Amino acid sequence: MVTRRFLYKIGAAVLLFGCGIHASAQALQSGYFMEGYTYRHLMNPAFEAERNYVSIPALGNVYAGTKGNVALGNFIYKYNGDQLTTFMSNTVSAEEFLGDLRDNNRINANVNLTLLSVGFKKWGGFNTIGLSVRSNTSASLPYDLLKFMKVGMQREREVYDMGNLGVNSQNYVELALGHSRAINEHLRVGGKLKFLIGAAYASLKMNDMRVEMSGDKWMVHADGEMNASVKGLIMPTKAEMGRKLTDPSQGTLLDWENADFNSDDIGPSGFGMAVDLGAVYKLNDTWTFSASLLDFGFMSWSHTIKAKTLNKPWEFDGFHELAVDSELGDDDPMSLKSQADDLGKDLENFASFHREENDGSALNMLGATLILGAEYTLPAYNKFKVGLLSTSRLQGRYSWWEARLSANVSPVKWFDAGVNGSVSTIGSSFGWIVNFHPKGFNLFVGMDQIIGEVNPQCIPVDNMNMSVSVGMNVTF
């Protein structure tokens with residue numbers, strides 16, 4: 001029970017962190033094939049806007065979305081009418097909880113807020129300048145972790161493999177300078193150079209984590225690492241907090257209970273650079289093909305706290321020489337309570353994170369995105385277009401792929417509308433967009449994933465796939 005209780009804490013922390021706030025799109029993918037949509041260049045820097053534009057500060061492009069193959073309803077359940085409980089409750093059966101889970105349960109969330117953006121035709125092409133705030137978080141929750149938290153040991157021998165457990169969150173301010181131009185009547189290319197100012201970064205991943213349980217022995221092997229880069233974050237160790245230690249190696253354990261933040265020490269936590277590259281090839285009046293690679297770059301983080309597990313197996317083969325009638329009672333070192341307390345401390349020492357001495361820096365690649373598009377214009381009515389969009393997120397264990405089929409119509413010069421459906425490795429969805437772009441003004445609103453039932457905190461209950469985007473810009 002000590003093992004299960006301890007790993008439950010790890011899993012609960014990951015669930016809480018992972019559900020906090022990643023879809024790869026920087027803008028509304030429902031508008032990718034819509035020429036009147038001002039922010040197509042965020043998905044392919046070769047695109048040019050229909051007109052010069054200036055965004056209304058903080059309202060030019062607002063995007064927030066989540067994507068995943070699990071949702072809040074997989075972890076929170078109703079009972080006794082309107083009361084709520086977690087999946088750990090005895091009122092929720094293991095079959096009910098585990099039946100809806102995948103081998104790898106993933107949750108992604110993305111926020112992109114354009115503070116200011118300008119686009120204008122000059123120097124033989126179309127140019128963009130954009131300042132935005134971006135937040136990307138991904139979580140990977142292996143089935144065995146959730147099964148272990150729910151059922152523990154049911155058979156004579158149980159083996160749980162939780163090596164794909166991980167959370168990654170990157171939050172930064174982005175300044176992007178873009179230029180696109182026509183090479184000839186068929187080909188147009190573009191690129192962006194991005195300067196990044198880091199606000200916060202956190203990464204927790206288990207390279208290997210196994211729990212083996214039998215009637216006469218338990219064994220835990222944990223090989224994990226954690227990085228956190230937030231200027232002002234205070235993360236002491238057990239020794240620094242004067243905790244009583246039964247093993248000298250416990251002194252470097254992170255003391256989560258006493259973590260704090262110094263609000264007087266707020267500032268950048270890192271710097272980085274990235275590029276976007278794109279091309280559009282118009283084969284004829286009917287077919288157009290496009291491709292782009294986004295966010296290919298890195299972040300160099302400072303003020304980094306690094307920690308690792310001890311990366312060696314821990315074994316428990318039962319309590320020995322129990323002092324049952326000792327005059328010292330529970331204070332006897334051989335009493336059941338004392339041995340159980342030592343067991344918990346030993347497990348925490350082996351499976352928790354120990355702070356490492358480092359220079360306070362960390363270097364990591366951004367999660368890049370590859371987008372491929374094919375657009376067909378109906379010959380009999382060139383105001384109607386069909387597009388197929390492939391989006392691949394390239395980020396290790398957090399990678400995913402999506403295919404989106406869109407149908408768009410532009411009945412008049414100043415109005416576009418479209419609907420689309422998508423399938424992906426972490427969920428399917430439907431989307432839509434309406435776009436008003438008369439001279440002098442642009443207003444768009446849409447969703448890449450239609451929002452279903454949400455709780456009072458606007459978190460999806462039955463389906464994690466949801467997004468919303470809205471923007472207002474002045475055109476000239």
# chains A, B, ... in the order shown; residues from 1 in each chain; ligands from 1
>>> residues_around(residues="segment 278-287 of chain A", least_positions_apart="4", cutoff="7 Å", atoms="only C-alpha atoms", output="number ranges by chain")
A: 44-46, 186-191, 291-293, 375-379
>>> residues_around(residues="Leu254 of chain A", least_positions_apart="5", cutoff="7 Å", atoms="only C-alpha atoms", output="CSV table (one decimal) with C-alpha atoms, in the first residue's frame")
chain,number,residue,atom,x,y,z
A,235,MET,CA,12.7,24.6,-4.7
A,236,PRO,CA,14.5,23.6,-1.5
A,237,THR,CA,15.8,20.1,-0.6
A,238,LYS,CA,15.0,18.1,2.5
A,353,PHE,CA,13.6,13.5,-7.7
A,354,HIS,CA,17.0,14.5,-6.3
A,355,ARG,CA,18.3,17.9,-7.1
>>> select_by_dssp(residues="segment 150-255 of chain A", states="strand (DSSP E or B)", output="PyMOL selection string")
chain A and resi 157-161+166-182+187-214+218-229+233-234+237+253-254
>>> residues_around(residues="Ala403 of chain A", least_positions_apart="4", cutoff="8 Å", atoms="only C-alpha atoms", output="count of residues only")
7
>>> residues_around(residues="segment 86-88 of chain A", least_positions_apart="4", cutoff="7 Å", atoms="only C-alpha atoms", output="mmCIF file with N, CA and C atoms, in the first residue's frame")
data_model
loop_
_atom_site.group_PDB
_atom_site.id
_atom_site.type_symbol
_atom_site.label_atom_id
_atom_site.label_comp_id
_atom_site.auth_asym_id
_atom_site.auth_seq_id
_atom_site.Cartn_x
_atom_site.Cartn_y
_atom_site.Cartn_z
ATOM 1 N N PHE A 75 -11.950 11.061 -15.568
ATOM 2 C CA PHE A 75 -11.343 11.089 -14.238
ATOM 3 C C PHE A 75 -12.296 11.595 -13.148
ATOM 4 N N ILE A 76 -13.342 12.311 -13.548
ATOM 5 C CA ILE A 76 -14.323 12.818 -12.599
ATOM 6 C C ILE A 76 -15.673 12.187 -12.904
ATOM 7 N N TYR A 77 -16.341 11.648 -11.868
ATOM 8 C CA TYR A 77 -17.612 10.948 -12.059
ATOM 9 C C TYR A 77 -18.675 11.515 -11.123
ATOM 10 N N VAL A 92 -16.746 4.003 -8.267
ATOM 11 C CA VAL A 92 -16.385 3.851 -9.684
ATOM 12 C C VAL A 92 -15.648 2.528 -9.842
ATOM 13 N N PHE A 97 -13.779 2.660 -15.296
ATOM 14 C CA PHE A 97 -12.695 3.631 -15.482
ATOM 15 C C PHE A 97 -11.719 3.204 -16.569
ATOM 16 N N LYS A 150 -5.549 2.659 -9.768
ATOM 17 C CA LYS A 150 -6.913 2.224 -9.487
ATOM 18 C C LYS A 150 -6.974 0.864 -8.815
#
>>> closest_residue(among="A:Gly431, A:Gly152, A:Gly232, A:Gly270", to="Glu212 of chain A", atoms="only C-alpha atoms")
A:Gly152
>>> residues_around(residues="Ile450 of chain A", least_positions_apart="4", cutoff="9 Å", atoms="only C-alpha atoms", output="list in words")
Ser429, Phe430, Gly431, Trp432, Gly446, Asn465, Met466, Ser467 and Val468 of chain A
>>> residues_around(residues="Val173 of chain A", least_positions_apart="6", cutoff="9 Å", atoms="only C-alpha atoms", output="number ranges by chain")
A: 131-135, 195-199
>>> select_by_dssp(residues="segment 192-416 of chain A", states="alpha helix (DSSP H)", output="list in words")
Leu336, Lys337, Ser338, Gln339, Ala340, Asp341, Asp342, Leu343, Gly344, Lys345, Asp346, Leu347, Glu348, Asn349, Phe350 and Ala351 of chain A
>>> write_last_selection(atoms="N, CA, C and O atoms", output="mmCIF file, in the first residue's frame")
data_model
loop_
_atom_site.group_PDB
_atom_site.id
_atom_site.type_symbol
_atom_site.label_atom_id
_atom_site.label_comp_id
_atom_site.auth_asym_id
_atom_site.auth_seq_id
_atom_site.Cartn_x
_atom_site.Cartn_y
_atom_site.Cartn_z
ATOM 1 N N LEU A 336 5.841 -2.294 13.739
ATOM 2 C CA LEU A 336 5.255 -2.243 12.402
ATOM 3 C C LEU A 336 5.175 -0.807 11.897
ATOM 4 O O LEU A 336 5.482 -0.535 10.730
ATOM 5 N N LYS A 337 4.796 0.121 12.760
ATOM 6 C CA LYS A 337 4.676 1.519 12.323
ATOM 7 C C LYS A 337 6.031 2.073 11.921
ATOM 8 O O LYS A 337 6.171 2.740 10.888
ATOM 9 N N SER A 338 7.060 1.808 12.712
ATOM 10 C CA SER A 338 8.394 2.326 12.405
ATOM 11 C C SER A 338 8.922 1.749 11.098
ATOM 12 O O SER A 338 9.476 2.467 10.260
ATOM 13 N N GLN A 339 8.750 0.434 10.912
ATOM 14 C CA GLN A 339 9.237 -0.177 9.673
ATOM 15 C C GLN A 339 8.442 0.323 8.459
ATOM 16 O O GLN A 339 9.006 0.501 7.370
ATOM 17 N N ALA A 340 7.139 0.549 8.639
ATOM 18 C CA ALA A 340 6.333 1.077 7.537
ATOM 19 C C ALA A 340 6.764 2.503 7.185
ATOM 20 O O ALA A 340 6.832 2.877 6.004
ATOM 21 N N ASP A 341 7.069 3.310 8.221
ATOM 22 C CA ASP A 341 7.547 4.673 7.958
ATOM 23 C C ASP A 341 8.882 4.643 7.224
ATOM 24 O O ASP A 341 9.098 5.416 6.269
ATOM 25 N N ASP A 342 9.768 3.778 7.631
ATOM 26 C CA ASP A 342 11.066 3.660 6.949
ATOM 27 C C ASP A 342 10.887 3.187 5.503
ATOM 28 O O ASP A 342 11.605 3.631 4.606
ATOM 29 N N LEU A 343 9.902 2.292 5.316
ATOM 30 C CA LEU A 343 9.627 1.813 3.969
ATOM 31 C C LEU A 343 9.214 2.966 3.064
ATOM 32 O O LEU A 343 9.696 3.109 1.934
ATOM 33 N N GLY A 344 8.316 3.806 3.549
ATOM 34 C CA GLY A 344 7.865 4.940 2.754
ATOM 35 C C GLY A 344 8.990 5.905 2.440
ATOM 36 O O GLY A 344 9.103 6.409 1.321
ATOM 37 N N LYS A 345 9.871 6.160 3.408
ATOM 38 C CA LYS A 345 10.991 7.071 3.180
ATOM 39 C C LYS A 345 11.989 6.479 2.188
ATOM 40 O O LYS A 345 12.548 7.196 1.352
ATOM 41 N N ASP A 346 12.226 5.168 2.295
ATOM 42 C CA ASP A 346 13.147 4.526 1.351
ATOM 43 C C ASP A 346 12.610 4.602 -0.075
ATOM 44 O O ASP A 346 13.344 4.895 -1.023
ATOM 45 N N LEU A 347 11.307 4.336 -0.230
ATOM 46 C CA LEU A 347 10.716 4.389 -1.554
ATOM 47 C C LEU A 347 10.762 5.797 -2.118
ATOM 48 O O LEU A 347 11.074 6.004 -3.284
ATOM 49 N N GLU A 348 10.463 6.769 -1.288
ATOM 50 C CA GLU A 348 10.526 8.163 -1.737
ATOM 51 C C GLU A 348 11.934 8.520 -2.175
ATOM 52 O O GLU A 348 12.145 9.213 -3.162
ATOM 53 N N ASN A 349 12.917 8.015 -1.457
ATOM 54 C CA ASN A 349 14.310 8.293 -1.788
ATOM 55 C C ASN A 349 14.686 7.725 -3.148
ATOM 56 O O ASN A 349 15.402 8.358 -3.930
ATOM 57 N N PHE A 350 14.189 6.554 -3.486
ATOM 58 C CA PHE A 350 14.586 5.896 -4.735
ATOM 59 C C PHE A 350 13.753 6.356 -5.929
ATOM 60 O O PHE A 350 14.270 6.411 -7.046
ATOM 61 N N ALA A 351 12.475 6.655 -5.723
ATOM 62 C CA ALA A 351 11.601 6.954 -6.852
ATOM 63 C C ALA A 351 11.314 8.444 -7.023
ATOM 64 O O ALA A 351 10.692 8.825 -8.002
#
>>> closest_residue(among="A:Ala176, A:Met447, A:Met213, A:Val412", to="Asp295 of chain A", atoms="only C-alpha atoms")
A:Ala176
>>> closest_residue(among="A:Asn184, A:Asn164, A:Ser410, A:Asn227", to="Arg210 of chain A", atoms="only C-alpha atoms")
A:Asn164
>>> residues_around(residues="Val386 of chain A", least_positions_apart="3", cutoff="12 Å", atoms="only C-alpha atoms", output="mmCIF file with all heavy atoms, in the first residue's frame")
data_model
loop_
_atom_site.group_PDB
_atom_site.id
_atom_site.type_symbol
_atom_site.label_atom_id
_atom_site.label_comp_id
_atom_site.auth_asym_id
_atom_site.auth_seq_id
_atom_site.Cartn_x
_atom_site.Cartn_y
_atom_site.Cartn_z
ATOM 1 N N SER A 30 -8.893 25.796 -39.609
ATOM 2 C CA SER A 30 -10.092 25.830 -40.448
ATOM 3 C C SER A 30 -9.992 26.904 -41.528
ATOM 4 O O SER A 30 -10.702 26.847 -42.533
ATOM 5 C CB SER A 30 -11.330 26.086 -39.581
ATOM 6 O OG SER A 30 -11.525 25.035 -38.660
ATOM 7 N N GLY A 31 -9.112 27.904 -41.348
ATOM 8 C CA GLY A 31 -8.954 28.971 -42.324
ATOM 9 C C GLY A 31 -7.744 28.822 -43.221
ATOM 10 O O GLY A 31 -7.409 29.758 -43.968
ATOM 11 N N TYR A 32 -7.080 27.676 -43.198
ATOM 12 C CA TYR A 32 -5.839 27.498 -43.960
ATOM 13 C C TYR A 32 -6.052 27.725 -45.456
ATOM 14 O O TYR A 32 -5.205 28.324 -46.135
ATOM 15 C CB TYR A 32 -5.290 26.092 -43.715
ATOM 16 C CG TYR A 32 -3.952 25.826 -44.373
ATOM 17 C CD1 TYR A 32 -2.762 26.094 -43.697
ATOM 18 C CD2 TYR A 32 -3.875 25.309 -45.670
ATOM 19 C CE1 TYR A 32 -1.530 25.861 -44.291
ATOM 20 C CE2 TYR A 32 -2.646 25.064 -46.268
ATOM 21 C CZ TYR A 32 -1.476 25.347 -45.579
ATOM 22 O OH TYR A 32 -0.262 25.116 -46.180
ATOM 23 N N PHE A 33 -7.173 27.262 -46.011
ATOM 24 C CA PHE A 33 -7.424 27.375 -47.446
ATOM 25 C C PHE A 33 -8.282 28.587 -47.801
ATOM 26 O O PHE A 33 -8.797 28.671 -48.918
ATOM 27 C CB PHE A 33 -8.106 26.104 -47.958
ATOM 28 C CG PHE A 33 -7.267 24.864 -47.783
ATOM 29 C CD1 PHE A 33 -7.575 23.935 -46.797
ATOM 30 C CD2 PHE A 33 -6.167 24.630 -48.588
ATOM 31 C CE1 PHE A 33 -6.815 22.792 -46.636
ATOM 32 C CE2 PHE A 33 -5.393 23.495 -48.430
ATOM 33 C CZ PHE A 33 -5.703 22.575 -47.445
ATOM 34 N N MET A 34 -8.430 29.529 -46.877
ATOM 35 C CA MET A 34 -9.306 30.680 -47.076
ATOM 36 C C MET A 34 -8.465 31.925 -47.326
ATOM 37 O O MET A 34 -7.802 32.445 -46.422
ATOM 38 C CB MET A 34 -10.194 30.847 -45.834
ATOM 39 C CG MET A 34 -11.347 31.798 -46.001
ATOM 40 S SD MET A 34 -12.454 31.696 -44.569
ATOM 41 C CE MET A 34 -13.267 30.126 -44.883
ATOM 42 N N THR A 286 -6.935 24.916 -60.999
ATOM 43 C CA THR A 286 -7.710 23.949 -60.220
ATOM 44 C C THR A 286 -6.971 23.460 -58.990
ATOM 45 O O THR A 286 -7.549 23.371 -57.896
ATOM 46 C CB THR A 286 -8.081 22.742 -61.101
ATOM 47 O OG1 THR A 286 -8.814 23.197 -62.234
ATOM 48 C CG2 THR A 286 -8.913 21.732 -60.312
ATOM 49 N N TRP A 287 -5.674 23.167 -59.127
ATOM 50 C CA TRP A 287 -4.919 22.546 -58.040
ATOM 51 C C TRP A 287 -3.832 23.474 -57.497
ATOM 52 O O TRP A 287 -3.101 24.095 -58.265
ATOM 53 C CB TRP A 287 -4.264 21.248 -58.505
ATOM 54 C CG TRP A 287 -5.223 20.114 -58.681
ATOM 55 C CD1 TRP A 287 -5.778 19.675 -59.836
ATOM 56 C CD2 TRP A 287 -5.746 19.288 -57.638
ATOM 57 N NE1 TRP A 287 -6.615 18.623 -59.611
ATOM 58 C CE2 TRP A 287 -6.610 18.354 -58.253
ATOM 59 C CE3 TRP A 287 -5.575 19.245 -56.259
ATOM 60 C CZ2 TRP A 287 -7.305 17.388 -57.529
ATOM 61 C CZ3 TRP A 287 -6.255 18.274 -55.542
ATOM 62 C CH2 TRP A 287 -7.108 17.366 -56.172
ATOM 63 N N THR A 288 -3.724 23.518 -56.165
ATOM 64 C CA THR A 288 -2.660 24.258 -55.473
ATOM 65 C C THR A 288 -2.128 23.377 -54.335
ATOM 66 O O THR A 288 -2.921 22.786 -53.583
ATOM 67 C CB THR A 288 -3.175 25.582 -54.894
ATOM 68 O OG1 THR A 288 -3.706 26.386 -55.946
ATOM 69 C CG2 THR A 288 -2.045 26.339 -54.200
ATOM 70 N N GLY A 373 -0.476 20.667 -47.562
ATOM 71 C CA GLY A 373 -1.826 20.975 -47.996
ATOM 72 C C GLY A 373 -2.032 20.765 -49.478
ATOM 73 O O GLY A 373 -1.111 20.963 -50.284
ATOM 74 N N ALA A 374 -3.235 20.344 -49.863
ATOM 75 C CA ALA A 374 -3.640 20.211 -51.259
ATOM 76 C C ALA A 374 -5.030 20.822 -51.400
ATOM 77 O O ALA A 374 -5.954 20.464 -50.658
ATOM 78 C CB ALA A 374 -3.648 18.744 -51.689
ATOM 79 N N GLU A 375 -5.170 21.747 -52.344
ATOM 80 C CA GLU A 375 -6.420 22.490 -52.508
ATOM 81 C C GLU A 375 -6.971 22.293 -53.919
ATOM 82 O O GLU A 375 -6.234 22.382 -54.915
ATOM 83 C CB GLU A 375 -6.164 23.972 -52.246
ATOM 84 C CG GLU A 375 -7.372 24.865 -52.385
ATOM 85 C CD GLU A 375 -7.024 26.326 -52.190
ATOM 86 O OE1 GLU A 375 -5.867 26.718 -52.480
ATOM 87 O OE2 GLU A 375 -7.916 27.079 -51.760
ATOM 88 N N TYR A 376 -8.269 22.029 -54.009
ATOM 89 C CA TYR A 376 -8.940 21.834 -55.290
ATOM 90 C C TYR A 376 -10.042 22.870 -55.434
ATOM 91 O O TYR A 376 -10.928 22.987 -54.571
ATOM 92 C CB TYR A 376 -9.532 20.426 -55.371
ATOM 93 C CG TYR A 376 -10.316 20.157 -56.638
ATOM 94 C CD1 TYR A 376 -9.656 19.909 -57.833
ATOM 95 C CD2 TYR A 376 -11.709 20.154 -56.616
ATOM 96 C CE1 TYR A 376 -10.371 19.653 -59.003
ATOM 97 C CE2 TYR A 376 -12.435 19.893 -57.775
ATOM 98 C CZ TYR A 376 -11.757 19.650 -58.968
ATOM 99 O OH TYR A 376 -12.467 19.405 -60.113
ATOM 100 N N THR A 377 -9.992 23.651 -56.525
ATOM 101 C CA THR A 377 -11.015 24.648 -56.835
ATOM 102 C C THR A 377 -11.982 24.078 -57.860
ATOM 103 O O THR A 377 -11.565 23.595 -58.924
ATOM 104 C CB THR A 377 -10.376 25.932 -57.384
ATOM 105 O OG1 THR A 377 -9.447 26.447 -56.426
ATOM 106 C CG2 THR A 377 -11.435 26.988 -57.652
ATOM 107 N N LEU A 378 -13.242 24.124 -57.554
ATOM 108 C CA LEU A 378 -14.254 23.554 -58.431
ATOM 109 C C LEU A 378 -14.290 24.338 -59.750
ATOM 110 O O LEU A 378 -14.572 25.542 -59.747
ATOM 111 C CB LEU A 378 -15.619 23.608 -57.744
ATOM 112 C CG LEU A 378 -16.729 22.754 -58.350
ATOM 113 C CD1 LEU A 378 -16.403 21.278 -58.172
ATOM 114 C CD2 LEU A 378 -18.062 23.082 -57.680
ATOM 115 N N PRO A 379 -14.016 23.708 -60.894
ATOM 116 C CA PRO A 379 -13.973 24.429 -62.174
ATOM 117 C C PRO A 379 -15.300 25.106 -62.525
ATOM 118 O O PRO A 379 -15.320 26.215 -63.067
ATOM 119 C CB PRO A 379 -13.618 23.329 -63.190
ATOM 120 C CG PRO A 379 -12.940 22.276 -62.381
ATOM 121 C CD PRO A 379 -13.621 22.300 -61.053
ATOM 122 N N TYR A 381 -17.501 26.269 -60.512
ATOM 123 C CA TYR A 381 -17.841 27.355 -59.580
ATOM 124 C C TYR A 381 -16.598 27.639 -58.739
ATOM 125 O O TYR A 381 -16.375 27.014 -57.707
ATOM 126 C CB TYR A 381 -19.017 26.937 -58.688
ATOM 127 C CG TYR A 381 -19.496 28.010 -57.739
ATOM 128 C CD1 TYR A 381 -20.051 29.196 -58.213
ATOM 129 C CD2 TYR A 381 -19.409 27.828 -56.360
ATOM 130 C CE1 TYR A 381 -20.500 30.181 -57.339
ATOM 131 C CE2 TYR A 381 -19.865 28.800 -55.475
ATOM 132 C CZ TYR A 381 -20.410 29.980 -55.978
ATOM 133 O OH TYR A 381 -20.854 30.950 -55.119
ATOM 134 N N ASN A 382 -15.760 28.573 -59.199
ATOM 135 C CA ASN A 382 -14.448 28.783 -58.586
ATOM 136 C C ASN A 382 -14.513 29.461 -57.221
ATOM 137 O O ASN A 382 -13.474 29.734 -56.618
ATOM 138 C CB ASN A 382 -13.532 29.577 -59.521
ATOM 139 C CG ASN A 382 -14.083 30.965 -59.842
ATOM 140 O OD1 ASN A 382 -15.054 31.429 -59.236
ATOM 141 N ND2 ASN A 382 -13.462 31.624 -60.815
ATOM 142 N N LYS A 383 -15.699 29.718 -56.732
ATOM 143 C CA LYS A 383 -15.837 30.276 -55.389
ATOM 144 C C LYS A 383 -15.955 29.178 -54.324
ATOM 145 O O LYS A 383 -16.063 29.478 -53.138
ATOM 146 C CB LYS A 383 -17.036 31.212 -55.325
ATOM 147 C CG LYS A 383 -16.890 32.435 -56.221
ATOM 148 C CD LYS A 383 -18.119 33.329 -56.157
ATOM 149 C CE LYS A 383 -17.947 34.541 -57.078
ATOM 150 N NZ LYS A 383 -19.139 35.438 -57.047
ATOM 151 N N LEU A 389 -5.657 18.818 -45.513
ATOM 152 C CA LEU A 389 -4.528 19.333 -44.738
ATOM 153 C C LEU A 389 -3.980 18.244 -43.831
ATOM 154 O O LEU A 389 -4.723 17.607 -43.088
ATOM 155 C CB LEU A 389 -4.979 20.530 -43.888
ATOM 156 C CG LEU A 389 -3.894 21.368 -43.220
ATOM 157 C CD1 LEU A 389 -3.063 22.095 -44.265
ATOM 158 C CD2 LEU A 389 -4.521 22.368 -42.249
ATOM 159 N N ARG A 404 -7.158 16.783 -42.044
ATOM 160 C CA ARG A 404 -8.371 17.611 -41.979
ATOM 161 C C ARG A 404 -8.887 17.877 -43.397
ATOM 162 O O ARG A 404 -8.140 18.361 -44.261
ATOM 163 C CB ARG A 404 -8.055 18.930 -41.281
ATOM 164 C CG ARG A 404 -9.281 19.829 -41.057
ATOM 165 C CD ARG A 404 -8.871 21.105 -40.334
ATOM 166 N NE ARG A 404 -8.352 20.802 -39.011
ATOM 167 C CZ ARG A 404 -9.093 20.745 -37.916
ATOM 168 N NH1 ARG A 404 -10.396 20.967 -37.992
ATOM 169 N NH2 ARG A 404 -8.550 20.474 -36.750
ATOM 170 N N LEU A 405 -10.143 17.559 -43.645
ATOM 171 C CA LEU A 405 -10.782 17.797 -44.932
ATOM 172 C C LEU A 405 -11.712 18.999 -44.796
ATOM 173 O O LEU A 405 -12.601 19.006 -43.939
ATOM 174 C CB LEU A 405 -11.565 16.568 -45.373
ATOM 175 C CG LEU A 405 -12.248 16.648 -46.744
ATOM 176 C CD1 LEU A 405 -11.210 16.789 -47.854
ATOM 177 C CD2 LEU A 405 -13.124 15.414 -46.974
ATOM 178 N N SER A 406 -11.488 20.026 -45.648
ATOM 179 C CA SER A 406 -12.224 21.280 -45.536
ATOM 180 C C SER A 406 -13.015 21.564 -46.791
ATOM 181 O O SER A 406 -12.605 21.222 -47.915
ATOM 182 C CB SER A 406 -11.259 22.448 -45.297
ATOM 183 O OG SER A 406 -10.481 22.261 -44.147
ATOM 184 N N ALA A 407 -14.156 22.225 -46.626
ATOM 185 C CA ALA A 407 -14.964 22.743 -47.726
ATOM 186 C C ALA A 407 -15.239 24.211 -47.440
ATOM 187 O O ALA A 407 -15.758 24.556 -46.376
ATOM 188 C CB ALA A 407 -16.273 21.969 -47.861
ATOM 189 N N ASN A 408 -14.822 25.097 -48.368
ATOM 190 C CA ASN A 408 -14.932 26.538 -48.149
ATOM 191 C C ASN A 408 -15.641 27.197 -49.328
ATOM 192 O O ASN A 408 -15.460 26.795 -50.488
ATOM 193 C CB ASN A 408 -13.542 27.166 -48.000
ATOM 194 C CG ASN A 408 -12.756 26.545 -46.870
ATOM 195 O OD1 ASN A 408 -13.123 26.645 -45.710
ATOM 196 N ND2 ASN A 408 -11.664 25.872 -47.205
ATOM 197 N N VAL A 409 -16.425 28.215 -49.025
ATOM 198 C CA VAL A 409 -17.143 28.938 -50.056
ATOM 199 C C VAL A 409 -16.985 30.439 -49.834
ATOM 200 O O VAL A 409 -16.962 30.905 -48.691
ATOM 201 C CB VAL A 409 -18.638 28.550 -50.071
ATOM 202 C CG1 VAL A 409 -19.328 28.938 -48.761
ATOM 203 C CG2 VAL A 409 -19.353 29.159 -51.264
ATOM 204 N N SER A 410 -16.845 31.190 -50.938
ATOM 205 C CA SER A 410 -16.735 32.660 -50.892
ATOM 206 C C SER A 410 -17.775 33.236 -51.837
ATOM 207 O O SER A 410 -17.462 33.609 -52.986
ATOM 208 C CB SER A 410 -15.332 33.113 -51.307
ATOM 209 O OG SER A 410 -14.345 32.513 -50.506
ATOM 210 N N GLY A 418 -16.588 28.230 -43.985
ATOM 211 C CA GLY A 418 -16.104 26.883 -44.242
ATOM 212 C C GLY A 418 -16.430 25.936 -43.110
ATOM 213 O O GLY A 418 -16.609 26.350 -41.958
ATOM 214 N N VAL A 419 -16.511 24.648 -43.457
ATOM 215 C CA VAL A 419 -16.676 23.591 -42.466
ATOM 216 C C VAL A 419 -15.633 22.527 -42.768
ATOM 217 O O VAL A 419 -15.125 22.419 -43.885
ATOM 218 C CB VAL A 419 -18.094 22.976 -42.500
ATOM 219 C CG1 VAL A 419 -19.133 23.995 -42.082
ATOM 220 C CG2 VAL A 419 -18.404 22.426 -43.894
ATOM 221 N N ASN A 420 -15.296 21.738 -41.754
ATOM 222 C CA ASN A 420 -14.264 20.726 -41.934
ATOM 223 C C ASN A 420 -14.400 19.644 -40.875
ATOM 224 O O ASN A 420 -15.041 19.842 -39.838
ATOM 225 C CB ASN A 420 -12.869 21.351 -41.888
ATOM 226 C CG ASN A 420 -12.624 22.127 -40.605
ATOM 227 O OD1 ASN A 420 -12.248 21.565 -39.582
ATOM 228 N ND2 ASN A 420 -12.850 23.446 -40.636
ATOM 229 N N GLY A 421 -13.777 18.525 -41.167
ATOM 230 C CA GLY A 421 -13.712 17.422 -40.212
ATOM 231 C C GLY A 421 -12.305 16.864 -40.189
ATOM 232 O O GLY A 421 -11.573 16.934 -41.184
#
>>> atom_distance(atom1="atom CA of Trp400 of chain A", atom2="atom CA of Ile426 of chain A")
7.0 Å
>>> closest_residue(among="A:Asn104, A:Ser203, A:Ser138, A:Asn69", to="Asp161 of chain A", atoms="only C-alpha atoms")
A:Asn104
